[in-house]
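First comes the structure, then the notes that go with it.
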Amino acid sequence: MTESLKLTVDKRDGVAVVYTDGYINNQGGEEIAKVAYDLLDEGYRALLLNLAGTKIVNSIGISILIEIIEKMIEVEGKLAFCNLTPTIDKTFHIMGLAQYTSIFEDETEAVTHLTG
Amino acid sequence: MSTVMNPLRSLSRATDRQFEDGSALQWALDLWRESAGARSVELFGPAQGEERAERAADGDQADSGSLRHIATSAGEGGGAEPAKIFSLPCGFELRYDGVDADAADDASRLESVALLIASMALLQGSRSQLREQAFQESYRALAMEALYDVGLAIASTLNLEELSQEILLRAVSLLDARRGALYLREADRFQLEGTIGGGAADSIPVDRAQEPDLEVLPGSRHRLASPIEVDGNVRGVIVVGDKESRTGVGPFAPGDERALSLFANQAAIALENARLHRQALEKERLEREMELAAEIQRGLLPSKMPAVGDLEVAGWNRPTRQVGGDYYGSLRLKDGRSVVVVADVTGKGMPAALLVSTLHSGLHLLLDSVEPGEALLGKLNQHIHESTGSNKFITLLMLLVDPTSPEIRFLNAGHNPGLAISPSGEVRRLEPSGLPLGLLPKSGYRLDSLELGSGDLLCIFSDGITECESPAGEEYGEQRLCEFLRQHRSEPLEQIIQALDREVTRFADGEPQYDDQTVVLLRKP
């Protein structure tokens, strides 16, 4: 059973890693956006979304993720994703998110990219 | 005021990004407000797409209702209710407070900036629409890809749970549903297989699955369900609830019903494949068990009949399934006498084979301590009765052969009569003297005797021989068996058995037989 989205944040070495657990839909997307914008307000310019706990994302969730990507571009920050299921990875590529953000297989690789 | 003099020069410095995100528009709106000396200005424009449809659905027919708010510029002390309207081309308008812009000294300049504002708003709206169109195009491609992927998943795995989850995830995601559940049929109810986005009813009655007010996804306001049908039989139902938009949830569009139906069709194929696969695995498992049981049963039957006194002896058995309900064998007693048995258990397959095992062990244990005769058969009857259900029984013909005596003694518990054929062709029958074993808790038997002379052939057999059926439905029968035995009585016993095998096979002429066939032959040299 997949309930609504749960988020946890781990801040280290100037990178904020946001772990998602659940469905990235309208509600879930808004929650991610709120956390991301709060982190930007705190001064973080490198965000990593670890989607290991997410198996499903819908078009509303994608459009909110696109807004977050645009915001990161606007503030000249870095945003990356990691641990995507094959389905979500394919979704990100078809919907064009992969052109504007970095996608990694695992968290270590992503954090190295963001701190580099 | 001076900035109004050459707004295009200032705007030329705006970046593409500033046009796209509306900051250039905001700059122009602030400029207009300052130039007009207004405390606040609000820009309104024509409602677009979904927004217009939603307002129409809400019955909002007022002029102001067909406009959407685009941007606000408020100066110090701003926030007063904008009372005046400055109309712009293409349905845009500025609502402002304070001075009358039409009567202002620099009215023509205000008009120029206002036109610029309308152009920028129009451009921004067009870009936004193009982005939305591009997004929707990509999403349609994603939907096609998802259906293709589900098809591939069906071909690559037969795990029903994984497939159900995959189909549910794709359907909920692509229909922008907030909730979803998949049910599979078990008897007269659909049982919950998986959910997304919250809880769902554990089960729903089959005949109520399509009712729109059925509380399948508690708390959802809008629901769409599609049956999962295989060959006209409803095997399950896929349900989604509450279509999401940026403003909340609403009903599903007519096209969504079609999309859900496509996923339900994919689910139906997956379910059928998985069911057939499970069936095949079960069949394979049963076959392995039957083969094992057959091997165990073959161990109970003699590979070659042991010697019985000075008599020639041979035995043969052909089960109609891998394991059967016929039993035969012989056992030499400590005093030199031999016991020969042919038995037929009711039923076939595994239950019959288990009863054969019970008979085999019971008989051997009793023969260790009880004199073969009426008492032994009585005890065996009691043992079988206690070990089986009331509808199971065993017919048995037991011979007691004493090498020192010309007489053969026998007990027949409801078995078809054995046949003794003399060299002259005369037939004597070893008739039953009691009920089959296990039929009643107590049953009496009589020990009869038969004298065998030189050349006498004794045939004890199961009814699979005499009840062997031809394609015309005719039974082989005792008469044909007697005739056969008369014709072949002087041949070697193994040769007679092979000939009998050919005889009944020829008689059956390919007709499937449903009873095991067993023959034991004995002949006095």
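Here, A, B, ... name the chains of the structure tokens in the order displayed, residue numbers run from 1 inside each chain, and ligands are numbered from 1 in the same displayed order.
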Using only C-alpha atoms, I'd like a table of the residues in chain A that come within 10 Å of chain B; for each, show the closest atom pair and its distance in Å rounded to one decimal, ordered by chain and ascending number, as JSON lines.
```
{"residue": "A:Met1", "atom": "CA", "partner": "B:Thr195", "partner_atom": "CA", "distance": 5.0}
{"residue": "A:Thr2", "atom": "CA", "partner": "B:Ile196", "partner_atom": "CA", "distance": 4.6}
{"residue": "A:Glu3", "atom": "CA", "partner": "B:Gly197", "partner_atom": "CA", "distance": 4.5}
{"residue": "A:Ser4", "atom": "CA", "partner": "B:Gly197", "partner_atom": "CA", "distance": 5.7}
{"residue": "A:Leu5", "atom": "CA", "partner": "B:Gly197", "partner_atom": "CA", "distance": 8.9}
{"residue": "A:Gly22", "atom": "CA", "partner": "B:Gly197", "partner_atom": "CA", "distance": 8.3}
{"residue": "A:Tyr23", "atom": "CA", "partner": "B:Gly197", "partner_atom": "CA", "distance": 7.0}
{"residue": "A:Ile24", "atom": "CA", "partner": "B:Ser173", "partner_atom": "CA", "distance": 9.3}
{"residue": "A:Asn25", "atom": "CA", "partner": "B:Arg178", "partner_atom": "CA", "distance": 7.2}
{"residue": "A:Asn26", "atom": "CA", "partner": "B:Arg246", "partner_atom": "CA", "distance": 6.4}
{"residue": "A:Gln27", "atom": "CA", "partner": "B:Gly248", "partner_atom": "CA", "distance": 8.8}
{"residue": "A:Glu30", "atom": "CA", "partner": "B:Arg246", "partner_atom": "CA", "distance": 9.4}
{"residue": "A:Lys55", "atom": "CA", "partner": "B:Leu169", "partner_atom": "CA", "distance": 7.7}
{"residue": "A:Ile56", "atom": "CA", "partner": "B:Leu169", "partner_atom": "CA", "distance": 6.3}
{"residue": "A:Val57", "atom": "CA", "partner": "B:Ser173", "partner_atom": "CA", "distance": 5.9}
{"residue": "A:Asn58", "atom": "CA", "partner": "B:Ser173", "partner_atom": "CA", "distance": 4.5}
{"residue": "A:Ser59", "atom": "CA", "partner": "B:Asp176", "partner_atom": "CA", "distance": 6.4}
{"residue": "A:Ile60", "atom": "CA", "partner": "B:Ser245", "partner_atom": "CA", "distance": 6.5}
{"residue": "A:Gly61", "atom": "CA", "partner": "B:Asp176", "partner_atom": "CA", "distance": 9.1}
{"residue": "A:Ile62", "atom": "CA", "partner": "B:Phe135", "partner_atom": "CA", "distance": 9.7}
{"residue": "A:Ser63", "atom": "CA", "partner": "B:Phe135", "partner_atom": "CA", "distance": 8.4}
{"residue": "A:Ile64", "atom": "CA", "partner": "B:Arg246", "partner_atom": "CA", "distance": 9.0}
{"residue": "A:Glu70", "atom": "CA", "partner": "B:Asp21", "partner_atom": "CA", "distance": 9.8}
{"residue": "A:Glu74", "atom": "CA", "partner": "B:Arg17", "partner_atom": "CA", "distance": 8.5}
{"residue": "A:Thr87", "atom": "CA", "partner": "B:Ala146", "partner_atom": "CA", "distance": 8.4}
{"residue": "A:Lys90", "atom": "CA", "partner": "B:Leu142", "partner_atom": "CA", "distance": 8.5}
{"residue": "A:Thr91", "atom": "CA", "partner": "B:Leu142", "partner_atom": "CA", "distance": 6.6}
{"residue": "A:Phe92", "atom": "CA", "partner": "B:Leu142", "partner_atom": "CA", "distance": 9.6}
{"residue": "A:His93", "atom": "CA", "partner": "B:Leu142", "partner_atom": "CA", "distance": 9.6}
{"residue": "A:Ile94", "atom": "CA", "partner": "B:Ser138", "partner_atom": "CA", "distance": 6.3}
{"residue": "A:Met95", "atom": "CA", "partner": "B:Ser138", "partner_atom": "CA", "distance": 5.4}
{"residue": "A:Gly96", "atom": "CA", "partner": "B:Ser138", "partner_atom": "CA", "distance": 8.1}
```
Proximity to A:Lys11 - best of A:Ile68, A:Val111, A:Glu76, A:Gln99, only C-alpha atoms: A:Val111
Expected answer as a PyMOL selection string: alpha helix (DSSP H) residues in chain A: chain A and resi 26-42+59-74+86-94+97-100+107-115
Strand (DSSP E or B) positions in stretch 94-334 of chain B, given as a PyMOL selection string: chain B and resi 94-96+177-186+189-196+203-205+223-230+233-245+248-250+308+311-318+326-332
Residues within 12 Å of A:Phe104, only C-alpha atoms, excluding chain neighbours under 3 positions, as a list in words: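 Close residues of A:Phe104: Leu48, Leu49, Asn50, Leu51, Ala52, Leu79, Ala80, Phe81, Cys82, Asn83, Leu84, Thr85, Pro86, Asp89, Ala98, Thr101, Glu107, Thr108, Glu109, Ala110, Val111, Thr112, His113 and Leu114 of chain A.
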Atom pair atom CA of B:Leu25 / atom CA of B:Leu94: separation (Å): 12.9 Å
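In this structure, atom CA of B:Arg502 sits 21.8 Å away from atom CA of B:Asp344.
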Long-range neighbours of B:Leu300 as a list of chain:residue names, 10 Å cut-off, only C-alpha atoms, 6 positions minimum in chain: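 In the requested format, the answer is B:Ala294, B:Tyr327, B:Tyr328, B:Gly329, B:Val356, B:Ser357, B:His360, B:Ser361.
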Could you write out that same residue set with C-alpha atoms as a short mmCIF file (atom, residue, chain, number, x, y, z; two decimals), in the first residue's frame?
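Output file result_11.cif is given in full below:
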```cif
data_model
loop_
_atom_site.label_atom_id
_atom_site.label_comp_id
_atom_site.auth_asym_id
_atom_site.auth_seq_id
_atom_site.Cartn_x
_atom_site.Cartn_y
_atom_site.Cartn_z
CA ALA B 294 4.04 -44.77 -8.59
CA TYR B 327 -2.50 -55.08 -5.83
CA TYR B 328 -0.99 -58.51 -6.23
CA GLY B 329 1.82 -60.49 -4.69
CA VAL B 356 -3.10 -50.30 -1.44
CA SER B 357 -0.25 -49.36 0.92
CA HIS B 360 0.07 -54.30 1.90
CA SER B 361 1.34 -53.34 5.36
#
```
Distance query stretch 407-421 of chain B at most 8 Å, only C-alpha atoms, self and fewer than 5 positions along chain excluded, as an mmCIF file with C-alpha atoms, in the first residue's frame:
```cif
data_model
loop_
_atom_site.group_PDB
_atom_site.id
_atom_site.type_symbol
_atom_site.label_atom_id
_atom_site.label_comp_id
_atom_site.auth_asym_id
_atom_site.auth_seq_id
_atom_site.Cartn_x
_atom_site.Cartn_y
_atom_site.Cartn_z
ATOM 1 C CA ALA B 343 -6.869 -57.264 -4.684
ATOM 2 C CA ASP B 344 -8.724 -54.336 -6.182
ATOM 3 C CA GLY B 373 -7.778 -68.047 7.073
ATOM 4 C CA GLU B 374 -11.135 -66.615 8.108
ATOM 5 C CA THR B 395 -12.065 -56.817 -3.019
ATOM 6 C CA LEU B 396 -9.517 -59.559 -2.455
ATOM 7 C CA LEU B 397 -8.871 -63.120 -3.485
ATOM 8 C CA MET B 398 -6.297 -64.926 -1.362
ATOM 9 C CA LEU B 399 -4.856 -68.361 -2.136
ATOM 10 C CA LEU B 400 -3.167 -70.486 0.478
ATOM 11 C CA VAL B 401 -0.876 -72.966 -1.274
ATOM 12 C CA ASP B 402 0.541 -75.915 0.659
ATOM 13 C CA GLU B 426 -13.440 -77.367 -17.969
ATOM 14 C CA VAL B 427 -13.815 -74.165 -15.914
ATOM 15 C CA ARG B 428 -14.210 -73.972 -12.153
ATOM 16 C CA ARG B 429 -14.828 -70.630 -10.445
ATOM 17 C CA LEU B 430 -13.389 -69.449 -7.126
ATOM 18 C CA GLU B 431 -16.557 -67.742 -5.895
ATOM 19 C CA PRO B 432 -16.738 -65.008 -3.211
ATOM 20 C CA SER B 433 -17.684 -66.070 0.281
ATOM 21 C CA GLY B 434 -17.837 -62.710 1.992
ATOM 22 C CA LEU B 435 -18.125 -58.942 1.546
ATOM 23 C CA PRO B 436 -15.274 -56.737 0.349
ATOM 24 C CA LEU B 437 -12.813 -55.663 3.038
ATOM 25 C CA TYR B 445 -15.468 -65.182 5.400
ATOM 26 C CA ARG B 446 -15.258 -68.836 4.469
ATOM 27 C CA LEU B 447 -12.120 -70.729 3.602
ATOM 28 C CA ASP B 448 -12.884 -72.811 0.499
ATOM 29 C CA SER B 449 -10.693 -75.288 -1.264
ATOM 30 C CA LEU B 450 -9.960 -76.412 -4.766
ATOM 31 C CA GLU B 451 -7.949 -79.396 -5.938
ATOM 32 C CA LEU B 452 -5.486 -78.707 -8.719
ATOM 33 C CA ASP B 456 -4.694 -77.165 -14.382
ATOM 34 C CA LEU B 457 -4.304 -73.421 -15.006
ATOM 35 C CA LEU B 458 -5.514 -71.043 -12.299
ATOM 36 C CA CYS B 459 -6.163 -67.434 -13.218
ATOM 37 C CA ILE B 460 -6.923 -64.780 -10.637
ATOM 38 C CA PHE B 461 -7.434 -61.302 -11.997
ATOM 39 C CA SER B 462 -8.954 -57.889 -11.402
ATOM 40 C CA ASP B 463 -12.130 -56.698 -13.108
ATOM 41 C CA CYS B 482 -12.265 -68.345 -20.368
ATOM 42 C CA LEU B 485 -7.352 -69.269 -21.324
ATOM 43 C CA ARG B 486 -8.595 -72.502 -22.908
ATOM 44 C CA ARG B 489 -3.531 -72.926 -21.330
#
```
Separation of atom CA of B:Ile117 from atom CA of B:Arg39 in Å: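 Result for atom CA of B:Arg39 versus atom CA of B:Ile117: 17.7 Å, one decimal.
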Do a neighbour search on stretch 505-515 of chain B at 10 Å with only C-alpha atoms, toss out local chain neighbours closer than 6 positions, and write the hits as an mmCIF file with N, CA and C atoms, in the first residue's frame.
```
data_model
loop_
_atom_site.group_PDB
_atom_site.id
_atom_site.type_symbol
_atom_site.label_atom_id
_atom_site.label_comp_id
_atom_site.auth_asym_id
_atom_site.auth_seq_id
_atom_site.Cartn_x
_atom_site.Cartn_y
_atom_site.Cartn_z
ATOM 1 N N ARG B 318 -1.207 -53.589 -15.019
ATOM 2 C CA ARG B 318 -1.143 -52.356 -15.813
ATOM 3 C C ARG B 318 -2.108 -51.336 -15.199
ATOM 4 N N PRO B 319 -1.530 -50.332 -14.489
ATOM 5 C CA PRO B 319 -2.421 -49.309 -13.912
ATOM 6 C C PRO B 319 -2.898 -48.352 -15.003
ATOM 7 N N THR B 320 -4.125 -47.852 -14.871
ATOM 8 C CA THR B 320 -4.622 -46.907 -15.873
ATOM 9 C C THR B 320 -4.056 -45.515 -15.621
ATOM 10 N N ARG B 321 -3.628 -45.252 -14.403
ATOM 11 C CA ARG B 321 -2.923 -44.007 -14.114
ATOM 12 C C ARG B 321 -1.538 -44.380 -13.623
ATOM 13 N N GLY B 324 -2.139 -46.932 -9.157
ATOM 14 C CA GLY B 324 -3.427 -47.573 -9.356
ATOM 15 C C GLY B 324 -3.988 -48.164 -8.099
ATOM 16 N N GLY B 325 -5.100 -48.860 -8.288
ATOM 17 C CA GLY B 325 -5.804 -49.419 -7.145
ATOM 18 C C GLY B 325 -5.748 -50.938 -7.106
ATOM 19 N N ASP B 326 -4.960 -51.546 -7.995
ATOM 20 C CA ASP B 326 -4.834 -53.012 -7.967
ATOM 21 C C ASP B 326 -3.572 -53.404 -7.196
ATOM 22 N N ASP B 344 -8.307 -55.497 -5.391
ATOM 23 C CA ASP B 344 -8.724 -54.336 -6.182
ATOM 24 C C ASP B 344 -9.351 -53.322 -5.226
ATOM 25 N N THR B 346 -11.225 -49.745 -4.376
ATOM 26 C CA THR B 346 -12.147 -48.818 -5.068
ATOM 27 C C THR B 346 -11.406 -47.520 -5.399
ATOM 28 N N GLY B 347 -11.719 -46.973 -6.561
ATOM 29 C CA GLY B 347 -11.100 -45.711 -6.974
ATOM 30 C C GLY B 347 -9.751 -45.937 -7.624
ATOM 31 N N LYS B 348 -9.188 -44.832 -8.076
ATOM 32 C CA LYS B 348 -7.875 -44.887 -8.730
ATOM 33 C C LYS B 348 -7.020 -43.730 -8.233
ATOM 34 N N SER B 462 -8.076 -58.995 -11.830
ATOM 35 C CA SER B 462 -8.954 -57.889 -11.402
ATOM 36 C C SER B 462 -9.986 -57.630 -12.496
ATOM 37 N N ASP B 463 -11.047 -56.898 -12.135
ATOM 38 C CA ASP B 463 -12.130 -56.698 -13.108
ATOM 39 C C ASP B 463 -11.740 -55.758 -14.248
ATOM 40 N N GLY B 464 -10.534 -55.193 -14.162
ATOM 41 C CA GLY B 464 -10.051 -54.369 -15.286
ATOM 42 C C GLY B 464 -9.879 -55.195 -16.549
ATOM 43 N N ILE B 465 -9.718 -56.536 -16.374
ATOM 44 C CA ILE B 465 -9.586 -57.423 -17.543
ATOM 45 C C ILE B 465 -10.967 -57.680 -18.148
ATOM 46 N N GLU B 467 -13.773 -56.213 -17.551
ATOM 47 C CA GLU B 467 -14.586 -55.020 -17.842
ATOM 48 C C GLU B 467 -13.904 -54.079 -18.836
ATOM 49 N N CYS B 468 -12.849 -54.572 -19.471
ATOM 50 C CA CYS B 468 -12.186 -53.792 -20.521
ATOM 51 C C CYS B 468 -13.211 -53.536 -21.643
ATOM 52 N N GLU B 469 -13.320 -52.267 -22.043
ATOM 53 C CA GLU B 469 -14.386 -51.917 -22.995
ATOM 54 C C GLU B 469 -13.868 -51.666 -24.398
ATOM 55 N N SER B 470 -14.666 -52.130 -25.370
ATOM 56 C CA SER B 470 -14.366 -51.857 -26.779
ATOM 57 C C SER B 470 -14.957 -50.488 -27.140
ATOM 58 N N PRO B 471 -14.575 -49.927 -28.295
ATOM 59 C CA PRO B 471 -15.166 -48.636 -28.704
ATOM 60 C C PRO B 471 -16.693 -48.699 -28.773
ATOM 61 N N ALA B 472 -17.245 -49.894 -28.997
ATOM 62 C CA ALA B 472 -18.712 -50.013 -29.072
ATOM 63 C C ALA B 472 -19.341 -50.085 -27.686
ATOM 64 N N GLY B 473 -18.498 -50.073 -26.636
ATOM 65 C CA GLY B 473 -19.020 -50.096 -25.281
ATOM 66 C C GLY B 473 -19.243 -51.504 -24.760
ATOM 67 N N GLU B 474 -18.766 -52.511 -25.506
ATOM 68 C CA GLU B 474 -18.958 -53.907 -25.093
ATOM 69 C C GLU B 474 -17.809 -54.314 -24.161
ATOM 70 N N GLU B 475 -18.145 -55.101 -23.119
ATOM 71 C CA GLU B 475 -17.104 -55.546 -22.199
ATOM 72 C C GLU B 475 -16.438 -56.813 -22.702
ATOM 73 N N TYR B 476 -15.142 -56.950 -22.360
ATOM 74 C CA TYR B 476 -14.411 -58.150 -22.774
ATOM 75 C C TYR B 476 -15.069 -59.397 -22.157
ATOM 76 N N ALA B 499 0.253 -62.564 -24.346
ATOM 77 C CA ALA B 499 -0.838 -62.738 -25.319
ATOM 78 C C ALA B 499 -2.123 -62.089 -24.815
#
```
Selection: 8 Å around A:Val75, only C-alpha atoms, excl. self and same-chain fewer than 3 positions, as a list in words: Arg45, Lys71 and Met72 of chain A
